[in-house]
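Q: One structure coming up, written as structure tokens, with questions to follow.
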Amino acid sequence: MFDNFPLWPARASSTAGNVDALFIFLLIVSGMMTLLIFTAVVYFAARYRHRKGVLAEQIEGSTPLELTWSIIPLGVFLVIFAWGAIVYFNGRTPPRDATEVYVVAKQWMWKLEHAEGQREINELHVPVGRDVKLIMTSQDVIHSFFIPAFRVKQDVLPGRYTVLWFRAIKPGTYHLFCAEYCGTHHSGMIGDIIVQEPAQYEAWMSGSSGGPLSASGEKIFAELGCATCHRSDSQGRGPNLFGAFGKPVQLEDGRIVTVDENYIRESILDPGAKIVKGFKPVMPTFQGLVSEEQVNALVAYVKSLSQPGPGVRTAAVPASDGVPAQGNQVQ
Ligand code: CUA
């Protein structure tokens, strides 16, 4: 339905149908209410119009009537609330084993890097039928990652990660837009999402890559000397990072936080913000010393220390082989 209707973009992700169903429901309810109100206005205007010799009589309230027009809309709104909440939470919660892609937005382009190491600009290749999680940040101002055909949109902010996920269900090429006014060439900050059959996608993936992102991260980790403090034997001046990701950790001030992408990012750029209990605030900041891409690689590396599963293919990759220098990346 609506596939050739120009106001209705293709429905190409697993969530698109749910979003459309809710939207159509809202449209029908609003349409019915509009019709009801206009009919009532016209009817009452005619029925109770001014007539010569007839005096207006005062009508007191009617409890049953008022209860009816309170309870029925309440029920309708609660249905909308519950339905909307379900669609929202499904859309907000990435499945655990989703393929990860790091996104860096800047005026005015999208830079994307797959966990496997493939880099793209203003283009994202994804396989049909697989969950894809985007871990996004901005180098400058607020942007917004919007794929109408997938019915997903998420602001991309400087200084932190935001997350978006989708599962494409139809091969094809779909528009990517920046949906937040971000300067002169905001309208040109566009791209393509290329959804491929798994075999096609594997062929594309086997093309040139600088090795997994986590391997790049491992190299940067070594170059910056992180390993001298973050040792795996727990004797270092910094916390042991092996197995840390996804786990709660207690801080000096007693708070307990979960080690997630944003926590690692903050700890690299603002190390004093959340000191792990038992450690001293001795780590220097790497703000300005590492690019967004390098932070992403470091995050991917720290994550890989906790999940050598199939999602992150790092365990099998030798430490620093075949990783190109970081100098050749797009800035
Ligand atoms: Cu980026 Cu608008």
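Note on naming: chains are A, B, ... as they come in the structure tokens, residues start from 1 per chain, ligands start from 1 in the order shown.
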Could you give me the residues within 9 Å of ligand 1, counting only C-alpha atoms and all ligand atoms, as a list in words?

A: Ala105, Lys106, Gln107, Trp108, Met109, Trp110, Val141, Ile142, His143, Ser144, Phe145, Val156, Phe177, Cys178, Ala179, Glu180, Tyr181, Cys182, Gly183, Thr184, His185, His186, Ser187, Gly188, Met189 and Ile190 of chain A

Q: Near A:Ser232, within 12 Å and counting only C-alpha atoms, which residues show up once chain neighbours fewer than 2 positions away are dropped, as a PyMOL selection string?

A: chain A and resi 226-230+234-244+302+305

Q: I need the strand (DSSP E) residues of stretch 30-275 of chain A per DSSP on the backbone, written as a PyMOL selection string.

A: chain A and resi 99-106+109-114+119-121+123-127+131-138+143-147+152-156+162-167+172-178+190-196+248-250+256-258

Q: Please build the interface table for stretch 149-267 of chain A against stretch 16-26 of chain A with a cut-off of 8 Å, listing for each qualifying residue the nearest atom pair and the distance in Å to one decimal; count only C-alpha atoms, order rows by chain and increasing number, and write it as CSV.

A:
```
residue,atom,partner,partner_atom,distance
A:Ala149,CA,A:Ala16,CA,7.3
A:Phe150,CA,A:Ala16,CA,5.5
A:Arg151,CA,A:Ala16,CA,5.2
```

Q: Which residues are near A:Ile264? Cut-off 10 Å, only C-alpha atoms, ignore same chain within fewer than 3 positions. Put them as number ranges by chain.

A: A: 245, 258-261, 267-271, 295-296, 298-300, 302-303

Q: Between A:Thr39, A:Ser13, A:Gln58, A:Ser138, single out the one closest to A:Asp155, counting only C-alpha atoms.

A: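 Result for the nearest residue to A:Asp155: A:Ser138.
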
Q: Find, counting only C-alpha atoms, the residue in A:Val126, A:Tyr174, A:Ala12, A:Ile135 that gets nearest to A:Pro198.

A: A:Val126

Q: Between A:Ala297, A:Ala85, A:Leu7, A:Leu157, which one has atoms that come closest to A:His114, using only C-alpha atoms?

A: A:Ala297

Q: Name all residues at most 8 Å from A:Glu218 (count only C-alpha atoms; drop same-chain ones fewer than 2 positions away) and give them as number ranges by chain.

A: A: 214-216, 220-222, 297-298, 301, 319-320

Q: Can you list, as a ChimeraX atom specification, every residue of stretch 31-236 of chain A that DSSP puts in alpha helix (DSSP H)?

A: /A:31-47,63-92,198-205,213-223,226-229

Q: Counting only C-alpha atoms, figure out which residue out of A:Asp233, A:Ser306, A:Leu213, A:Val103 gets nearest to A:Lys247.

A: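 Nearest to A:Lys247: A:Ser306.
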
Q: Of the candidates A:Gln200, A:Ser291, A:Thr99, A:Ser304, which one gets nearest to A:Asp140 if we count only C-alpha atoms?

A: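 Counting only C-alpha atoms, the residue closest to A:Asp140 is A:Ser291.
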
Q: What's the separation between atom CA of A:Arg160 and atom CA of A:Phe286, in Å to one decimal place?

A: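 Between atom CA of A:Arg160 and atom CA of A:Phe286 the gap is 14.8 Å.
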